[in-house]
Structure formats: structure tokens, C-alpha cells
Amino acid sequence: MEQTLQAHIQLSADLDVKYALLPGDPARVERAKLLLEDAVDLAFNREYKSVLGTYQGMKVLVISSGIGGPSTAIAIEELARIGIEGIIRIGSCGSLHPAVHLGDVIIATAAVRDDGASKAYVDSVYPAVADLDLLMHLRAIAETERIPHRLGIVRSHDSFYTAREAQLTAYWSGNGIIGSDMETATLFVVGALRGLKTASLLNVVVGPDEGMEEGVRQFVSGSGDQARGTESDQTGIIRFSCVASGKRRKMK
């Protein structure tokens, strides 16, 4: 573990914390902060905003990763260097399945590596899969708390604006992929290579019948159906991940 400040996340091992929640959006760190006790702001450099607190007696680090695989990989690498052992992504995604609706939670079992960052690390035949122990805890909590959820494979990608987005969405949807984000594959691959336990909880913010670009625009602006329940859904997914981290600690 490195005691010096990491170049990008600006954190060091003297935090003495083992579990991290990894939203993409720095604004979601502020939402998570409201659920923590004794929360302290740590750093805000580039896309990496962090806060440390406790949840049910357990220390939890919350740090944003920014958009996409490259910035996510940097966060994972530097978190591993300061002693983090487990990471749960708390992100957003679009639905690729007719039964997965706005406000549902996808618990990703694995990810299609349609990104560039994970391929920079290891050959594309290497699987991008969640940690089984963490995955089972998440599923058990979702069932106990009656959180609308679905387990399945998601696709992680790097683009929104190519001329092929509609065809790509149709192709992967037709092959059983249930959701689409930009970070999960990188998390699973880089995390596994660095010996971390990882999982990904994705709040569906674009429904299965909506165009991804327009759906994301409405989500960001707070207009349309995306505004309905978005804040409570995101708060719920943050609480869900905090509970999962705590239960995992107790069962070790």
C-alpha cells in the first residue's frame, strides 16, 4: 500500500478503508454522503470526487470515476494501491430488455467488453465477470428488500454518437444483453487483474423503447419520464450498495 497521495484520486493508504462505492457522476457522491455517518470530504481532482464516512459501523469510501473506461481504470488502479479490496459500481444504464424498465436495478453478472480500456489490459477472450460472493449478497439483499431488479449481462461501450448506435443496440438486445453502460467491463477486468472483488449496480435511466441519446438528455436535464423517481431511485441504489458492503464484511 502506498502512503503517498495517488496522482489522480489524491488519496493515500492512511485512510485505512477496504470498501469503495464507485459512481460515475461526482454529484452522486453528494447523495451518498447524506447516507453516511461522520462523512468527511476528501478530495476533488478532475472527475474524482471523494468522501469518507461510516455506514452501520463500517468505513466506506465513495469516489466518482467520471465517464467511461479510461478514467474508471485509473480510479481502480489507484484505489488498489491505497488498500481497497472491494468496489461496487453504483451507476446508471440504458435498458436493452423489454422487461427492464425505468427505475429498475440491474445487477450485472458479466459484461460484454465492447470498450477499449479493458482491451488495453488483456486479450478480449478474458472474461469480464462480477465477484460471485458479492453478486450473491446483492441478489439476496434485493430479494429481501423487494427491490425491482434483474440479474444479467450488460454491454460496456465507448460511444454515443456513431452512425451505428441503433444497429448496435438492436444487435446486443437481440443476443440477450439486458443493459448498456460505459464502465462495468473495465471495472470487472481491471479489478480481477488487481485482485479486487467487484460488482456493478445499475439504475435504469433510459427505458427499452427510448433512444439512448434522447433518454440520456432527458435524464440529465430532469425532464420527461426520467424525472419520475430518479432521485429516490439513485438514493435507493446507494443505500443498497452500502448494505451489501456491510453484510459482506459480517460474513467474511
# chains A, B, ... in the order shown; residues from 1 in each chain; ligands from 1
$ residues_around --residues "Gly207 (chain A)" --least-positions-apart "3" --cutoff "7 Å" --atoms "only C-alpha atoms" --output "MDAnalysis selection string"
chainID A and resid 94:95 101:102 204 210
$ select_by_dssp --residues "region 16-227 of chain A" --states "helix (DSSP H, G or I)" --output "PyMOL selection string"
chain A and resi 26-33+69-81+117-121+132-144+165-174+184-193+212-221+224-227
$ select_by_dssp --residues "region 2-215 of chain A" --states "strand (DSSP E)" --output "PyMOL selection string"
chain A and resi 19-22+37-45+48-55+58-63+86-95+105-114+149-157+179-181+197-206
$ closest_residue --among "A:Leu187, A:Ile90, A:Val154, A:Leu201" --to "Gly68 (chain A)" --atoms "only C-alpha atoms"
A:Leu187
$ residues_around --residues "Val190 (chain A)" --least-positions-apart "2" --cutoff "8 Å" --atoms "only C-alpha atoms" --output "list of chain:residue names"
A:Ala73, A:Ile76, A:Glu77, A:Ser118, A:Tyr121, A:Thr186, A:Leu187, A:Phe188, A:Ala192, A:Leu193, A:Arg194
$ atom_distance --atom1 "CA of Arg113 (chain A)" --atom2 "CA of Gly24 (chain A)"
18.1 Å
$ closest_residue --among "A:Thr144, A:Tyr126, A:His97, A:Arg28" --to "Ser173 (chain A)" --atoms "only C-alpha atoms"
A:His97
$ atom_distance --atom1 "CA of Glu37 (chain A)" --atom2 "CA of Ser71 (chain A)"
28.0 Å
$ atom_distance --atom1 "CA of Gly66 (chain A)" --atom2 "CA of Ala142 (chain A)"
26.2 Å
$ residues_around --residues "Val125 (chain A)" --least-positions-apart "2" --cutoff "12 Å" --atoms "only C-alpha atoms" --output "list in words"
Val112, Arg113, Asp114, Ser118, Lys119, Tyr121, Val122, Asp123, Pro127, Ala128 and Val189 of chain A
